[in-house]
Amino acid sequence: ISLENLEISHFNTNNVVNFEGMFNSCNKLTTSITIRNSNATYENMFVDAATTTGSSITVNYTSNTSSIVDNMLLTKSDTSNVVKGTLIS
């Protein structure tokens with residue numbers, strides 16, 4: 001997938017319940033997202049995401065979603081540049 005930039009840093013994810021495959025194979029993507037719902041599914045969320053040089057995905061979190069973000073990051077590929085961002089209040 002050739003998507004390179006996506007401005008979703010201000011998306012309200014409070015009611016999102018399914019992040020499954022959301023960034024799957026977006027290998028050139030640079031973006032950030034804040035996860036605000038701790039009751040969401042996320043299978044294969046970051047498989048082959050942000051694998052191209054210069055691409056990155058930053059996943060910010062709230063005090064209630066820190067653990068789920070840790071688990072989401074476990075879905076990334078070995079070569080993915082997907083990182084846990086900062087605590088958002």
# chains A, B, ... in the order shown; residues from 1 in each chain; ligands from 1
>>> residues_around(residues="A:Val16", least_positions_apart="5", cutoff="9 Å", atoms="only C-alpha atoms", output="PyMOL selection string")
chain A and resi 35-37+39-40
>>> write_last_selection(atoms="N, CA and C atoms", output="PDB file, in the first residue's frame")
ATOM      1  N   ILE A  35      -4.758   6.047  21.272  1.00  0.00           N
ATOM      2  CA  ILE A  35      -5.733   5.009  21.604  1.00  0.00           C
ATOM      3  C   ILE A  35      -6.406   5.395  22.911  1.00  0.00           C
ATOM      4  N   ARG A  36      -7.738   5.503  22.878  1.00  0.00           N
ATOM      5  CA  ARG A  36      -8.491   5.939  24.052  1.00  0.00           C
ATOM      6  C   ARG A  36      -9.489   4.899  24.551  1.00  0.00           C
ATOM      7  N   ASN A  37      -9.608   3.765  23.882  1.00  0.00           N
ATOM      8  CA  ASN A  37     -10.552   2.732  24.290  1.00  0.00           C
ATOM      9  C   ASN A  37      -9.794   1.461  24.633  1.00  0.00           C
ATOM     10  N   ASN A  39     -11.110  -1.399  25.429  1.00  0.00           N
ATOM     11  CA  ASN A  39     -11.919  -2.590  25.148  1.00  0.00           C
ATOM     12  C   ASN A  39     -12.004  -2.872  23.654  1.00  0.00           C
ATOM     13  N   ALA A  40     -10.933  -2.672  22.944  1.00  0.00           N
ATOM     14  CA  ALA A  40     -10.931  -2.839  21.492  1.00  0.00           C
ATOM     15  C   ALA A  40     -10.154  -4.084  21.087  1.00  0.00           C
TER      16      ALA A  40
END
>>> residues_around(residues="A:Ser89", least_positions_apart="2", cutoff="10 Å", atoms="only C-alpha atoms", output="PyMOL selection string")
chain A and resi 36+61-64+86-87
>>> residues_around(residues="A:Gly85", least_positions_apart="6", cutoff="7 Å", atoms="only C-alpha atoms", output="list in words")
Thr58, Val59 and Asn60 of chain A
>>> closest_residue(among="A:Thr13, A:Ser56, A:Asn44, A:Asn18", to="A:Lys76", atoms="only C-alpha atoms")
A:Asn44
>>> closest_residue(among="A:Val83, A:Cys26, A:Ile88, A:Leu6", to="A:Thr51", atoms="only C-alpha atoms")
A:Cys26
>>> closest_residue(among="A:Asn71, A:Thr52, A:Asn5, A:Ser80", to="A:Ser38", atoms="only C-alpha atoms")
A:Asn71
>>> closest_residue(among="A:Met72, A:His10, A:Ser55, A:Ser66", to="A:Met22", atoms="only C-alpha atoms")
A:Met72
>>> closest_residue(among="A:Thr41, A:Leu3, A:Lys84, A:Ala49", to="A:Asn15", atoms="only C-alpha atoms")
A:Thr41
>>> select_by_dssp(residues="chain A", states="helix (DSSP H, G or I)", output="PyMOL selection string")
chain A and resi 66-73
>>> atom_distance(atom1="atom CA of A:Val82", atom2="atom CA of A:Phe46")
7.6 Å
>>> atom_distance(atom1="atom CA of A:Asn12", atom2="atom CA of A:Thr79")
28.3 Å
>>> atom_distance(atom1="atom CA of A:Val17", atom2="atom CA of A:Asp48")
21.7 Å
>>> closest_residue(among="A:Asn14, A:Glu7, A:Thr30, A:Ser2", to="A:Ile57", atoms="only C-alpha atoms")
A:Thr30
>>> select_by_dssp(residues="stretch 5-74 of chain A", states="strand (DSSP E or B)", output="list in words")
Asn5, Asn18, Thr30, Thr31, Ser32, Ile33, Thr34, Ile35, Thr41, Ser56, Ile57, Thr58, Val59, Asn60 and Tyr61 of chain A
>>> write_last_selection(atoms="N, CA and C atoms", output="compact mmCIF listing (two decimals), in the first residue's frame")
# COMPACT_ATOMS: atom_id res chain seq x y z
N ASN A 5 1.39 9.40 4.26
CA ASN A 5 1.08 10.29 5.37
C ASN A 5 -0.42 10.28 5.62
N ASN A 18 -12.82 -1.90 17.08
CA ASN A 18 -12.10 -2.83 16.22
C ASN A 18 -11.00 -2.09 15.45
N THR A 30 3.69 7.27 7.70
CA THR A 30 4.14 8.05 8.85
C THR A 30 2.91 8.73 9.44
N THR A 31 2.62 8.42 10.70
CA THR A 31 1.45 9.00 11.36
C THR A 31 1.55 8.80 12.86
N SER A 32 0.59 9.36 13.57
CA SER A 32 0.45 9.08 15.00
C SER A 32 -1.03 8.94 15.31
N ILE A 33 -1.32 8.15 16.33
CA ILE A 33 -2.70 7.92 16.74
C ILE A 33 -2.72 7.81 18.26
N THR A 34 -3.80 8.25 18.87
CA THR A 34 -3.98 8.10 20.31
C THR A 34 -5.09 7.10 20.55
N ILE A 35 -4.76 6.05 21.27
CA ILE A 35 -5.73 5.01 21.60
C ILE A 35 -6.41 5.39 22.91
N THR A 41 -10.49 -4.62 19.92
CA THR A 41 -9.71 -5.71 19.34
C THR A 41 -8.67 -5.12 18.40
N SER A 56 7.16 5.84 10.06
CA SER A 56 7.00 5.55 11.48
C SER A 56 5.54 5.74 11.89
N ILE A 57 5.14 4.97 12.89
CA ILE A 57 3.83 5.13 13.48
C ILE A 57 4.03 5.25 14.98
N THR A 58 3.52 6.33 15.55
CA THR A 58 3.61 6.57 16.99
C THR A 58 2.23 6.35 17.58
N VAL A 59 2.17 5.53 18.62
CA VAL A 59 0.89 5.20 19.25
C VAL A 59 0.87 5.80 20.65
N ASN A 60 0.14 6.90 20.79
CA ASN A 60 -0.03 7.55 22.08
C ASN A 60 -1.14 6.85 22.85
N TYR A 61 -1.23 7.11 24.13
CA TYR A 61 -2.13 6.35 24.99
C TYR A 61 -2.61 7.20 26.16
